[in-house]
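Let me begin by presenting the structure, written as structure tokens, before commenting on it.
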Amino acid sequence: MVTSEDVKERAAELEFDLCGIAPATSHPELTAFRHWLERGYAGEMQYLHRSADRRADVRAVMPSARSVIVLGTVYNTDRPYSTERLDDTHAQLARYAWGDDYHDVIGRRMQALVDWMRERCGPALETRAYVDTGPVQERVYAQYAGLGWIGRNTCLINADQGSWLFLSEIICSLSLTPDAPALDQCGSCSLCLDACPTGALTEPYVLDATRCLSYLTIELKGSIPLGQRSALGAHAYGCDVCQEVCPWNLPASVTADAPWLPRAAFDAPTLAALWRTPDAVLRASLKGSAMSRAGVKRLRRNVAVCAGATRDEETLAALEDVDEPSCAEPLVSEHVAWALEQRRG
Ligand code: B12
Ligand code: SF4
Ligand code: SF4
């Protein structure tokens with residue numbers, strides 16, 4: 001058999017920065033998810049609608065579930081925040097995305113933890129391990145596992161480590177001793193709501209994804225709505241603003257764990273340099289990274305919008321010069337045309 005303490009010790013050896021245990025029950029906050037969907041805040045993310053029943057309780061995913069082992073991995077590296085850069089010429093890339101794909105890296109680490117548990121508990125042990133993409137409301141279970149509280153920016157914040165954390169979890173059939181839930185420490189602060197460039201945080205603890213730059217630059221597959229393009233600024237992939245302004249991230253823990261360091265092409269490139277990078281180099285840089293989700297086409301779509309939104313002359317000139325195959329794709333060329341119109345406007 002294994003105890004909660006054994007699991008936490010092994011998790012630390014496997015490079016997890018945080019580990020806590022939540023009971024596998026239906027916590028009251030889980031019901032907020034359905035209201036959120038009803039308000040249309042999920043936009044085109046149909047998979048959230050499809051998995052709503054399972055997301056309401058982990059026992060719908062695994063009926064024998066008794067505990068949820070929640071793991072936190074710090075991904076913050078020593079690069080400056082987007083809010084610290086005073087110019088609009090650099091591409092703002094979300095720090096979770098510029099290194100290796102966390103689904104793969106954390107998936108391997110969790111598998112090692114599951115294997116270790118199975119060696120001790122035998123074949124009767126049932127588990128399901130997920131990082132990000134599983135039908136689990138990760139932040140709610142993380143809060144109940146004592147990893148941190150859900151802040152007004154909707155992110156899970158740990159009082160010692162901040163919020164630059166990947167969450168992952170192992171739902172298991174063991175009755176492990178649970179941790180005490182974390183308590184909200186936002187106090188009277190509202191810096192994240194004030195700083196959001198699009199007003200996507202419609203009220204404390206509620207985010208309208210259809211207005212969030214992370215959704216617009218990563219999840220949205222087609223054209224970025226005309227009325228929302230200017231708000232992108234230099235945000236070419238994701239957005240970190242509501243975490244950068246959070247006092248709990250000033251300063252936040254920094255990791256030297258190699259997978260989370262930025263790949264060369266994504267280490268503070270200017271928008272112009274990113275656009276001038278040949279398709280083949282972009283494709284190789286995206287391979288195995290968390291940004292592979294967007295692919296070359298969507299990355300170029302975003303950079304083109306940033307060029308128009310910032311009216312950065314060097315990037316606009318690059319849009320006219322570069323003749324890579326992906327630039328001729330209708331999704332890309334339509335956004336390039338819009339960007340060049342902004343120069344005249
Ligand atoms: C869909 C999704 C998105 C959407 C919607 C985000 C959102 N806030 O809902 C978009 C594309 C916008 C997005 C953006 C980002 N995401 Co995302 N995303 C997810 C995903 C897959 C599901 C989240 C979800 O279900 N949202 C719907 C809302 C309703 O659910 P919730 O966020 O869990 O909210 C709960 C609480 O807010 C609570 N609640 C609701 N109302 C109230 C009111 C009060 C008073 C209280 C106390 C609580 C409360 O109940 C809700 C559950 O029902 C999760 C992974 C997962 N499986 O959980 C990752 C996840 C949340 N994302 C993550 C990350 C890293 C990001 C980005 C930072 C990426 C980036 N840099 O661009 C941004 C952060 C934006 C932000 N401020 O949240 C991490 C967050 C880690 C952390 N420390 O919190 C997660 C957990 C992935 C992971 N495994 O690491 N994401
Ligand atoms: S990620 Fe950016 S756009 Fe989305 S809620 Fe936070 S500050 Fe607003
Ligand atoms: S910025 Fe302030 S209100 Fe927003 S999550 Fe951080 S502490 Fe909470």
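FYI, nothing fancy with the structure tokens labels: chains A, B, ... in order, residues from 1 per chain, ligands from 1 as they appear.
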Sorted per-residue table, chain A near ligand 1, closest atoms and distance, 7 Å, only C-alpha atoms and all ligand atoms, as a Markdown table:
| residue | atom | partner | partner_atom_place_in_ligand_line | distance |
| --- | --- | --- | --- | --- |
| A:Glu29 | CA | ligand 1 | 50 (O) | 4.4 |
| A:Leu30 | CA | ligand 1 | 53 (O) | 3.9 |
| A:Thr31 | CA | ligand 1 | 53 (O) | 5.3 |
| A:Ala32 | CA | ligand 1 | 53 (O) | 4.0 |
| A:Phe33 | CA | ligand 1 | 53 (O) | 3.5 |
| A:Trp36 | CA | ligand 1 | 29 (C) | 5.3 |
| A:Ala42 | CA | ligand 1 | 5 (C) | 6.9 |
| A:Ala94 | CA | ligand 1 | 71 (N) | 4.6 |
| A:Arg95 | CA | ligand 1 | 71 (N) | 6.5 |
| A:Tyr96 | CA | ligand 1 | 71 (N) | 6.1 |
| A:Val131 | CA | ligand 1 | 89 (N) | 5.0 |
| A:Asp132 | CA | ligand 1 | 89 (N) | 3.5 |
| A:Thr133 | CA | ligand 1 | 57 (N) | 5.5 |
| A:Gly134 | CA | ligand 1 | 57 (N) | 5.6 |
| A:Pro135 | CA | ligand 1 | 57 (N) | 6.0 |
| A:Val136 | CA | ligand 1 | 57 (N) | 4.9 |
| A:Gln137 | CA | ligand 1 | 58 (O) | 4.1 |
| A:Glu138 | CA | ligand 1 | 58 (O) | 4.0 |
| A:Arg139 | CA | ligand 1 | 33 (O) | 4.9 |
| A:Val140 | CA | ligand 1 | 35 (C) | 5.8 |
| A:Ile150 | CA | ligand 1 | 47 (C) | 6.1 |
| A:Asn153 | CA | ligand 1 | 77 (N) | 4.8 |
| A:Thr154 | CA | ligand 1 | 78 (O) | 5.0 |
| A:Cys155 | CA | ligand 1 | 84 (O) | 3.5 |
| A:Leu156 | CA | ligand 1 | 84 (O) | 3.7 |
| A:Ile157 | CA | ligand 1 | 83 (N) | 6.0 |
| A:Ser163 | CA | ligand 1 | 83 (N) | 4.5 |
| A:Trp164 | CA | ligand 1 | 83 (N) | 5.6 |
| A:Leu165 | CA | ligand 1 | 83 (N) | 4.6 |
| A:Phe166 | CA | ligand 1 | 90 (O) | 3.5 |
| A:Leu167 | CA | ligand 1 | 90 (O) | 4.0 |
| A:Ser168 | CA | ligand 1 | 89 (N) | 5.4 |
| A:Tyr205 | CA | ligand 1 | 43 (C) | 4.9 |
| A:Val206 | CA | ligand 1 | 41 (N) | 5.7 |
| A:Leu207 | CA | ligand 1 | 8 (N) | 5.1 |
| A:Ala209 | CA | ligand 1 | 12 (C) | 4.3 |
| A:Cys212 | CA | ligand 1 | 12 (C) | 5.4 |
| A:Ser214 | CA | ligand 1 | 72 (O) | 4.2 |
| A:Tyr215 | CA | ligand 1 | 11 (C) | 4.0 |
| A:Ile218 | CA | ligand 1 | 11 (C) | 7.0 |
| A:Glu219 | CA | ligand 1 | 11 (C) | 6.0 |
| A:Gly238 | CA | ligand 1 | 72 (O) | 3.5 |
| A:Cys239 | CA | ligand 1 | 72 (O) | 4.3 |
| A:Asp240 | CA | ligand 1 | 71 (N) | 4.7 |
| A:Cys242 | CA | ligand 1 | 77 (N) | 6.2 |
*Produce as a ChimeraX atom specification the set of residues near ligand 3, where near means within 9 Å with only C-alpha atoms and all ligand atoms considered.*
/A:150-157,163,184-195,204-205,242-249
Put those residues in a file: C-alpha atoms, as a PDB file, in the first residue's frame.
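Okay, this is what ended up in part-v3.pdb:
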ATOM      1  CA  ILE A 150      -8.632  29.974  -7.877  1.00  0.00           C
ATOM      2  CA  GLY A 151      -7.874  33.679  -8.241  1.00  0.00           C
ATOM      3  CA  ARG A 152     -10.016  36.441  -9.715  1.00  0.00           C
ATOM      4  CA  ASN A 153      -8.105  35.925 -12.967  1.00  0.00           C
ATOM      5  CA  THR A 154      -9.429  32.305 -12.767  1.00  0.00           C
ATOM      6  CA  CYS A 155      -5.894  30.897 -12.442  1.00  0.00           C
ATOM      7  CA  LEU A 156      -4.758  28.580  -9.686  1.00  0.00           C
ATOM      8  CA  ILE A 157      -2.358  30.504  -7.446  1.00  0.00           C
ATOM      9  CA  SER A 163       0.510  30.795 -10.737  1.00  0.00           C
ATOM     10  CA  ASP A 184      -8.745  32.536  -1.387  1.00  0.00           C
ATOM     11  CA  GLN A 185      -6.049  35.171  -0.816  1.00  0.00           C
ATOM     12  CA  CYS A 186      -6.991  37.722  -3.493  1.00  0.00           C
ATOM     13  CA  GLY A 187      -8.231  40.059  -0.785  1.00  0.00           C
ATOM     14  CA  SER A 188      -9.320  43.434  -2.142  1.00  0.00           C
ATOM     15  CA  CYS A 189      -7.081  43.235  -5.220  1.00  0.00           C
ATOM     16  CA  SER A 190      -8.492  43.549  -8.752  1.00  0.00           C
ATOM     17  CA  LEU A 191      -5.315  44.227 -10.754  1.00  0.00           C
ATOM     18  CA  CYS A 192      -5.947  41.387 -13.213  1.00  0.00           C
ATOM     19  CA  LEU A 193      -9.436  42.630 -14.104  1.00  0.00           C
ATOM     20  CA  ASP A 194      -8.111  46.141 -14.694  1.00  0.00           C
ATOM     21  CA  ALA A 195      -5.136  44.977 -16.776  1.00  0.00           C
ATOM     22  CA  PRO A 204     -14.155  38.310 -10.696  1.00  0.00           C
ATOM     23  CA  TYR A 205     -13.507  34.568 -11.246  1.00  0.00           C
ATOM     24  CA  CYS A 242      -3.533  38.794 -16.018  1.00  0.00           C
ATOM     25  CA  GLN A 243      -0.852  36.655 -14.367  1.00  0.00           C
ATOM     26  CA  GLU A 244       2.012  39.089 -14.929  1.00  0.00           C
ATOM     27  CA  VAL A 245       0.275  41.821 -12.956  1.00  0.00           C
ATOM     28  CA  CYS A 246      -0.680  39.495 -10.108  1.00  0.00           C
ATOM     29  CA  PRO A 247       1.190  40.375  -6.892  1.00  0.00           C
ATOM     30  CA  TRP A 248       1.607  36.652  -6.195  1.00  0.00           C
ATOM     31  CA  ASN A 249       3.835  36.465  -9.280  1.00  0.00           C
TER      32      ASN A 249
END
_Shell around Glu84 (chain A) at 12 Å using only C-alpha atoms, local window under 4 positions removed, as a PyMOL selection string_ = chain A and resi 79-80+88+90+92+240-241+244-245+250
Those in region 62-292 of chain A with strand (DSSP E or B) from DSSP, as a compact mmCIF listing (two decimals) with all heavy atoms, in the first residue's frame:
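Result file part-v3.txt:
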# COMPACT_ATOMS: atom_id res chain seq x y z
N SER A 67 -9.78 9.13 -4.84
CA SER A 67 -8.90 10.28 -4.61
C SER A 67 -8.41 10.84 -5.94
O SER A 67 -8.32 10.11 -6.93
CB SER A 67 -7.66 9.85 -3.81
OG SER A 67 -8.02 9.09 -2.69
N VAL A 68 -8.08 12.12 -5.91
CA VAL A 68 -7.45 12.74 -7.07
C VAL A 68 -6.10 13.30 -6.60
O VAL A 68 -6.05 14.18 -5.74
CB VAL A 68 -8.32 13.87 -7.68
CG1 VAL A 68 -7.66 14.41 -8.95
CG2 VAL A 68 -9.72 13.37 -7.98
N ILE A 69 -5.03 12.74 -7.15
CA ILE A 69 -3.69 13.24 -6.83
C ILE A 69 -3.43 14.38 -7.81
O ILE A 69 -3.39 14.16 -9.02
CB ILE A 69 -2.63 12.13 -7.02
CG1 ILE A 69 -2.95 10.92 -6.14
CG2 ILE A 69 -1.22 12.67 -6.76
CD1 ILE A 69 -2.15 9.67 -6.50
N VAL A 70 -3.30 15.60 -7.29
CA VAL A 70 -3.11 16.75 -8.19
C VAL A 70 -1.66 17.20 -8.12
O VAL A 70 -1.09 17.36 -7.02
CB VAL A 70 -4.06 17.92 -7.85
CG1 VAL A 70 -3.98 18.99 -8.92
CG2 VAL A 70 -5.50 17.43 -7.73
N LEU A 71 -1.07 17.40 -9.28
CA LEU A 71 0.35 17.74 -9.38
C LEU A 71 0.53 19.11 -10.02
O LEU A 71 -0.22 19.47 -10.94
CB LEU A 71 1.05 16.68 -10.23
CG LEU A 71 0.88 15.26 -9.66
CD1 LEU A 71 0.84 14.23 -10.76
CD2 LEU A 71 1.97 14.97 -8.64
N GLY A 72 1.49 19.86 -9.52
CA GLY A 72 1.78 21.18 -10.09
C GLY A 72 3.23 21.24 -10.53
O GLY A 72 4.12 20.77 -9.82
N THR A 73 3.46 21.81 -11.72
CA THR A 73 4.81 21.92 -12.26
C THR A 73 5.08 23.37 -12.64
O THR A 73 4.37 23.92 -13.49
CB THR A 73 4.96 21.02 -13.52
OG1 THR A 73 4.55 19.69 -13.20
CG2 THR A 73 6.40 21.03 -14.03
N VAL A 74 6.07 23.98 -12.02
CA VAL A 74 6.42 25.38 -12.32
C VAL A 74 7.07 25.44 -13.71
O VAL A 74 8.01 24.69 -13.98
CB VAL A 74 7.40 25.94 -11.27
CG1 VAL A 74 7.92 27.32 -11.68
CG2 VAL A 74 6.74 26.01 -9.90
N HIS A 90 8.47 43.43 -30.32
CA HIS A 90 8.74 42.03 -30.00
C HIS A 90 7.44 41.23 -29.94
O HIS A 90 6.44 41.70 -29.40
CB HIS A 90 9.48 41.92 -28.67
CG HIS A 90 10.92 42.27 -28.79
ND1 HIS A 90 11.38 43.57 -28.74
CD2 HIS A 90 12.01 41.49 -29.00
CE1 HIS A 90 12.68 43.58 -28.91
NE2 HIS A 90 13.10 42.33 -29.07
N GLN A 92 4.95 38.83 -28.42
CA GLN A 92 4.65 38.33 -27.07
C GLN A 92 4.14 36.91 -27.21
O GLN A 92 3.10 36.68 -27.84
CB GLN A 92 3.60 39.21 -26.39
CG GLN A 92 3.95 40.68 -26.32
CD GLN A 92 5.23 40.94 -25.51
OE1 GLN A 92 5.80 40.04 -24.90
NE2 GLN A 92 5.67 42.18 -25.50
N LEU A 93 4.89 35.98 -26.65
CA LEU A 93 4.50 34.57 -26.70
C LEU A 93 4.27 34.10 -25.27
O LEU A 93 5.06 34.43 -24.38
CB LEU A 93 5.63 33.74 -27.33
CG LEU A 93 6.10 34.21 -28.71
CD1 LEU A 93 7.35 33.44 -29.14
CD2 LEU A 93 5.00 34.04 -29.76
N ASP A 100 9.17 22.82 -24.59
CA ASP A 100 8.67 21.52 -25.05
C ASP A 100 7.20 21.35 -24.69
O ASP A 100 6.70 21.98 -23.75
CB ASP A 100 9.49 20.38 -24.42
CG ASP A 100 10.91 20.36 -24.94
OD1 ASP A 100 11.21 21.07 -25.93
OD2 ASP A 100 11.75 19.66 -24.34
N THR A 127 -6.40 3.63 -12.20
CA THR A 127 -5.96 5.04 -12.32
C THR A 127 -6.35 5.61 -13.69
O THR A 127 -6.52 4.86 -14.65
CB THR A 127 -4.42 5.17 -12.22
OG1 THR A 127 -3.83 4.40 -13.26
CG2 THR A 127 -3.89 4.73 -10.88
N ARG A 128 -6.48 6.92 -13.74
CA ARG A 128 -6.57 7.67 -15.01
C ARG A 128 -5.70 8.90 -14.80
O ARG A 128 -5.91 9.64 -13.83
CB ARG A 128 -7.99 8.16 -15.30
CG ARG A 128 -9.03 7.12 -15.52
CD ARG A 128 -9.03 6.57 -16.96
NE ARG A 128 -10.19 5.74 -17.14
CZ ARG A 128 -10.38 4.54 -16.57
NH1 ARG A 128 -9.43 4.03 -15.80
NH2 ARG A 128 -11.48 3.85 -16.77
N ALA A 129 -4.76 9.10 -15.70
CA ALA A 129 -3.86 10.25 -15.56
C ALA A 129 -4.11 11.25 -16.69
O ALA A 129 -4.23 10.85 -17.85
CB ALA A 129 -2.41 9.75 -15.59
N TYR A 130 -4.23 12.52 -16.33
CA TYR A 130 -4.52 13.55 -17.33
C TYR A 130 -3.66 14.79 -17.11
O TYR A 130 -3.39 15.18 -15.97
CB TYR A 130 -5.98 14.01 -17.25
CG TYR A 130 -6.99 12.94 -17.57
CD1 TYR A 130 -7.83 12.43 -16.58
CD2 TYR A 130 -7.12 12.43 -18.87
CE1 TYR A 130 -8.78 11.46 -16.87
CE2 TYR A 130 -8.07 11.45 -19.17
CZ TYR A 130 -8.89 10.97 -18.17
OH TYR A 130 -9.81 10.01 -18.46
N TRP A 149 -5.37 28.59 -4.55
CA TRP A 149 -6.76 29.01 -4.70
C TRP A 149 -7.00 29.49 -6.13
O TRP A 149 -6.05 29.87 -6.83
CB TRP A 149 -7.12 30.10 -3.69
CG TRP A 149 -6.50 31.44 -3.98
CD1 TRP A 149 -7.09 32.50 -4.62
CD2 TRP A 149 -5.17 31.88 -3.63
NE1 TRP A 149 -6.21 33.56 -4.69
CE2 TRP A 149 -5.04 33.21 -4.09
CE3 TRP A 149 -4.10 31.29 -2.98
CZ2 TRP A 149 -3.87 33.95 -3.94
CZ3 TRP A 149 -2.92 32.02 -2.82
CH2 TRP A 149 -2.83 33.33 -3.30
N ILE A 150 -8.28 29.45 -6.55
CA ILE A 150 -8.63 29.97 -7.88
C ILE A 150 -8.78 31.48 -7.73
O ILE A 150 -9.64 31.97 -6.99
CB ILE A 150 -9.93 29.33 -8.40
CG1 ILE A 150 -9.74 27.81 -8.54
CG2 ILE A 150 -10.35 29.96 -9.73
CD1 ILE A 150 -11.01 27.03 -8.84
N LEU A 156 -5.06 29.20 -10.97
CA LEU A 156 -4.76 28.58 -9.69
C LEU A 156 -3.46 29.20 -9.17
O LEU A 156 -2.42 29.14 -9.85
CB LEU A 156 -4.61 27.07 -9.91
CG LEU A 156 -4.64 26.09 -8.75
CD1 LEU A 156 -3.35 26.02 -7.97
CD2 LEU A 156 -5.84 26.27 -7.84
N ILE A 157 -3.52 29.79 -7.99
CA ILE A 157 -2.36 30.50 -7.45
C ILE A 157 -1.87 29.81 -6.19
O ILE A 157 -2.65 29.56 -5.26
CB ILE A 157 -2.73 31.96 -7.09
CG1 ILE A 157 -3.36 32.66 -8.30
CG2 ILE A 157 -1.50 32.73 -6.59
CD1 ILE A 157 -3.98 34.02 -7.97
N ASN A 158 -0.58 29.52 -6.13
CA ASN A 158 0.01 28.96 -4.93
C ASN A 158 0.75 30.08 -4.19
O ASN A 158 1.50 30.85 -4.82
CB ASN A 158 0.99 27.84 -5.32
CG ASN A 158 1.70 27.23 -4.12
OD1 ASN A 158 2.70 27.74 -3.65
ND2 ASN A 158 1.14 26.14 -3.62
N GLY A 162 3.41 31.02 -6.83
CA GLY A 162 2.74 31.85 -7.83
C GLY A 162 1.81 31.01 -8.70
O GLY A 162 1.37 29.92 -8.28
N LEU A 165 1.99 27.61 -13.29
CA LEU A 165 1.97 26.18 -12.96
C LEU A 165 1.19 25.40 -14.00
O LEU A 165 0.09 25.81 -14.38
CB LEU A 165 1.23 25.97 -11.63
CG LEU A 165 1.86 26.52 -10.35
CD1 LEU A 165 0.81 26.54 -9.24
CD2 LEU A 165 3.04 25.65 -9.94
N PHE A 166 1.74 24.28 -14.44
CA PHE A 166 0.93 23.31 -15.18
C PHE A 166 0.27 22.43 -14.14
O PHE A 166 0.92 22.01 -13.17
CB PHE A 166 1.81 22.41 -16.05
CG PHE A 166 2.45 23.09 -17.22
CD1 PHE A 166 3.82 23.07 -17.38
CD2 PHE A 166 1.68 23.73 -18.19
CE1 PHE A 166 4.43 23.68 -18.48
CE2 PHE A 166 2.27 24.34 -19.28
CZ PHE A 166 3.65 24.32 -19.43
N LEU A 167 -0.99 22.13 -14.36
CA LEU A 167 -1.69 21.20 -13.48
C LEU A 167 -1.87 19.86 -14.18
O LEU A 167 -2.05 19.82 -15.40
CB LEU A 167 -3.07 21.77 -13.10
CG LEU A 167 -3.05 23.10 -12.35
CD1 LEU A 167 -4.48 23.58 -12.08
CD2 LEU A 167 -2.27 22.99 -11.04
N SER A 168 -1.80 18.80 -13.42
CA SER A 168 -2.08 17.46 -13.95
C SER A 168 -2.59 16.63 -12.80
O SER A 168 -2.43 17.02 -11.63
CB SER A 168 -0.82 16.85 -14.58
OG SER A 168 0.23 16.82 -13.64
N GLU A 169 -3.24 15.49 -13.11
CA GLU A 169 -3.83 14.74 -12.00
C GLU A 169 -3.91 13.26 -12.31
O GLU A 169 -4.01 12.86 -13.47
CB GLU A 169 -5.23 15.27 -11.63
CG GLU A 169 -6.24 15.28 -12.75
CD GLU A 169 -5.99 16.41 -13.73
OE1 GLU A 169 -5.53 17.50 -13.32
OE2 GLU A 169 -6.23 16.20 -14.94
N ILE A 170 -3.87 12.48 -11.24
CA ILE A 170 -4.07 11.03 -11.35
C ILE A 170 -5.31 10.72 -10.51
O ILE A 170 -5.30 10.89 -9.29
CB ILE A 170 -2.85 10.26 -10.81
CG1 ILE A 170 -1.59 10.62 -11.62
CG2 ILE A 170 -3.12 8.74 -10.87
CD1 ILE A 170 -0.29 10.12 -11.01
N ILE A 171 -6.37 10.32 -11.21
CA ILE A 171 -7.58 9.89 -10.50
C ILE A 171 -7.29 8.44 -10.10
O ILE A 171 -6.84 7.65 -10.93
CB ILE A 171 -8.81 9.94 -11.44
CG1 ILE A 171 -8.94 11.33 -12.07
CG2 ILE A 171 -10.07 9.53 -10.72
CD1 ILE A 171 -9.97 11.39 -13.19
N CYS A 172 -7.50 8.10 -8.83
CA CYS A 172 -7.16 6.72 -8.45
C CYS A 172 -8.17 6.12 -7.49
O CYS A 172 -8.96 6.82 -6.85
CB CYS A 172 -5.74 6.67 -7.90
SG CYS A 172 -5.57 7.31 -6.25
N LEU A 201 -12.20 39.29 -18.54
CA LEU A 201 -12.62 38.92 -17.18
C LEU A 201 -13.86 39.76 -16.88
O LEU A 201 -13.76 40.90 -16.42
CB LEU A 201 -11.47 39.16 -16.18
CG LEU A 201 -10.24 38.26 -16.41
CD1 LEU A 201 -9.00 38.80 -15.69
CD2 LEU A 201 -10.51 36.82 -15.99
N THR A 202 -15.02 39.20 -17.20
CA THR A 202 -16.26 39.97 -17.15
C THR A 202 -16.67 40.30 -15.72
O THR A 202 -17.35 41.28 -15.47
CB THR A 202 -17.41 39.22 -17.84
OG1 THR A 202 -17.49 37.92 -17.24
CG2 THR A 202 -17.15 39.06 -19.33
N GLU A 203 -16.29 39.43 -14.80
CA GLU A 203 -16.47 39.69 -13.37
C GLU A 203 -15.43 38.85 -12.66
O GLU A 203 -14.84 37.94 -13.27
CB GLU A 203 -17.91 39.33 -12.93
CG GLU A 203 -18.31 37.92 -13.29
CD GLU A 203 -19.79 37.65 -13.01
OE1 GLU A 203 -20.12 37.43 -11.84
OE2 GLU A 203 -20.58 37.64 -13.97
N VAL A 206 -14.59 34.97 -13.39
CA VAL A 206 -15.31 34.53 -14.60
C VAL A 206 -14.63 35.10 -15.85
O VAL A 206 -14.46 36.32 -15.98
CB VAL A 206 -16.79 34.98 -14.58
CG1 VAL A 206 -17.52 34.48 -15.84
CG2 VAL A 206 -17.49 34.44 -13.34
N LEU A 207 -14.28 34.21 -16.76
CA LEU A 207 -13.60 34.62 -17.97
C LEU A 207 -14.44 34.25 -19.19
O LEU A 207 -14.84 33.09 -19.34
CB LEU A 207 -12.24 33.90 -18.04
CG LEU A 207 -11.34 34.23 -19.23
CD1 LEU A 207 -9.88 34.13 -18.82
CD2 LEU A 207 -11.57 33.30 -20.39
N HIS A 235 0.61 40.41 -29.10
CA HIS A 235 0.39 39.05 -28.56
C HIS A 235 0.21 38.05 -29.70
O HIS A 235 -0.88 37.89 -30.23
CB HIS A 235 -0.82 39.04 -27.62
CG HIS A 235 -0.59 39.82 -26.37
ND1 HIS A 235 0.11 39.32 -25.30
CD2 HIS A 235 -0.93 41.08 -26.04
CE1 HIS A 235 0.17 40.22 -24.35
NE2 HIS A 235 -0.45 41.32 -24.78
N ALA A 236 1.30 37.39 -30.06
CA ALA A 236 1.27 36.50 -31.21
C ALA A 236 0.87 35.08 -30.85
O ALA A 236 0.54 34.28 -31.73
CB ALA A 236 2.65 36.49 -31.88
N TYR A 237 0.92 34.74 -29.57
CA TYR A 237 0.50 33.39 -29.17
C TYR A 237 0.18 33.39 -27.69
O TYR A 237 1.07 33.48 -26.85
CB TYR A 237 1.60 32.36 -29.48
CG TYR A 237 1.07 30.94 -29.43
CD1 TYR A 237 0.58 30.31 -30.57
CD2 TYR A 237 1.04 30.23 -28.22
CE1 TYR A 237 0.07 29.02 -30.51
CE2 TYR A 237 0.53 28.94 -28.17
CZ TYR A 237 0.05 28.34 -29.32
OH TYR A 237 -0.44 27.07 -29.27
N THR A 270 11.70 39.48 -32.58
CA THR A 270 10.83 40.59 -32.97
C THR A 270 9.73 40.00 -33.86
O THR A 270 9.89 38.90 -34.41
CB THR A 270 11.60 41.66 -33.77
OG1 THR A 270 12.12 41.05 -34.94
CG2 THR A 270 12.71 42.29 -32.94
N SER A 289 6.70 21.12 -29.59
CA SER A 289 6.50 22.23 -28.64
C SER A 289 5.00 22.36 -28.37
O SER A 289 4.17 21.83 -29.12
CB SER A 289 7.02 23.55 -29.22
OG SER A 289 6.02 24.15 -30.03
At a cut-off of 10 Å, using only C-alpha atoms, what residues contact Leu261 (chain A)? Leave out same-chain residues fewer than 4 positions from it and give the result as a CSV table (one decimal) with N, CA, C and O atoms, in the first residue's frame.
chain,number,residue,atom,x,y,z
A,75,TYR,N,6.6,26.3,-14.6
A,75,TYR,CA,7.2,26.5,-15.9
A,75,TYR,C,7.8,27.8,-16.1
A,75,TYR,O,8.3,28.1,-17.2
A,76,ASN,N,7.8,28.7,-15.1
A,76,ASN,CA,8.3,30.0,-15.3
A,76,ASN,C,9.8,30.0,-15.5
A,76,ASN,O,10.5,29.4,-14.7
A,77,THR,N,10.3,30.7,-16.5
A,77,THR,CA,11.7,30.9,-16.7
A,77,THR,C,12.1,32.3,-16.5
A,77,THR,O,11.2,33.2,-16.3
A,78,ASP,N,13.4,32.6,-16.5
A,78,ASP,CA,13.8,34.0,-16.1
A,78,ASP,C,13.7,35.0,-17.2
A,78,ASP,O,14.4,36.0,-17.2
A,79,ARG,N,12.8,34.9,-18.1
A,79,ARG,CA,12.6,35.8,-19.2
A,79,ARG,C,11.6,36.9,-18.7
A,79,ARG,O,10.8,36.7,-17.9
A,95,ARG,N,4.4,32.2,-22.0
A,95,ARG,CA,5.6,31.5,-21.5
A,95,ARG,C,5.4,30.0,-21.3
A,95,ARG,O,6.3,29.2,-21.3
A,96,TYR,N,4.1,29.5,-21.2
A,96,TYR,CA,3.9,28.1,-21.1
A,96,TYR,C,4.2,27.4,-22.4
A,96,TYR,O,4.4,26.2,-22.4
A,97,ALA,N,4.2,28.2,-23.5
A,97,ALA,CA,4.2,27.5,-24.8
A,97,ALA,C,5.5,27.5,-25.5
A,97,ALA,O,5.6,26.7,-26.5
A,98,TRP,N,6.5,28.2,-25.1
A,98,TRP,CA,7.7,28.4,-25.9
A,98,TRP,C,8.7,27.3,-25.8
A,98,TRP,O,9.7,27.2,-26.4
A,99,GLY,N,8.5,26.4,-24.8
A,99,GLY,CA,9.4,25.2,-24.7
A,99,GLY,C,8.8,23.9,-25.2
A,99,GLY,O,8.0,24.0,-26.2
A,100,ASP,N,9.2,22.8,-24.6
A,100,ASP,CA,8.7,21.5,-25.1
A,100,ASP,C,7.2,21.3,-24.7
A,100,ASP,O,6.7,22.0,-23.8
A,255,THR,N,12.0,28.3,-12.7
A,255,THR,CA,12.6,26.9,-12.8
A,255,THR,C,13.8,26.9,-13.8
A,255,THR,O,13.8,27.7,-14.8
A,256,ALA,N,14.7,26.0,-13.6
A,256,ALA,CA,15.8,25.8,-14.6
A,256,ALA,C,15.6,24.5,-15.3
A,256,ALA,O,16.4,24.0,-16.0
A,257,ASP,N,14.4,23.9,-15.1
A,257,ASP,CA,14.0,22.6,-15.8
A,257,ASP,C,14.0,22.8,-17.3
A,257,ASP,O,13.3,23.6,-17.8
A,266,PHE,N,11.8,31.1,-30.5
A,266,PHE,CA,10.8,31.7,-29.7
A,266,PHE,C,11.3,32.5,-28.5
A,266,PHE,O,10.6,32.9,-27.6
A,267,ASP,N,12.6,32.7,-28.5
A,267,ASP,CA,13.2,33.4,-27.4
A,267,ASP,C,13.3,34.9,-27.7
A,267,ASP,O,14.3,35.4,-28.3
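With only C-alpha atoms and all ligand atoms as the basis for measurement, A:Tyr41 is the residue among A:Tyr144, A:Trp116, A:Phe16, A:Tyr41 that approaches ligand 2 most closely.
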*From the list A:Ala234, A:Ala145, A:Met117, A:Leu286, which residue is nearest ligand 2 when using only C-alpha atoms and all ligand atoms?*
A:Ala234
*Any idea what's packed within 9 Å of Gly43 (chain A), counting only C-alpha atoms, ignoring anything in its chain fewer than 2 positions away? Could you give it as number ranges by chain?*
A: 37, 40-41, 45-46, 208-210, 215, 220
*Hey, what's within 9 Å of Pro269 (chain A) if we count only C-alpha atoms and toss same-chain stuff fewer than 4 positions away? As a PyMOL selection string, please?*
chain A and resi 89-92+264-265+273-274
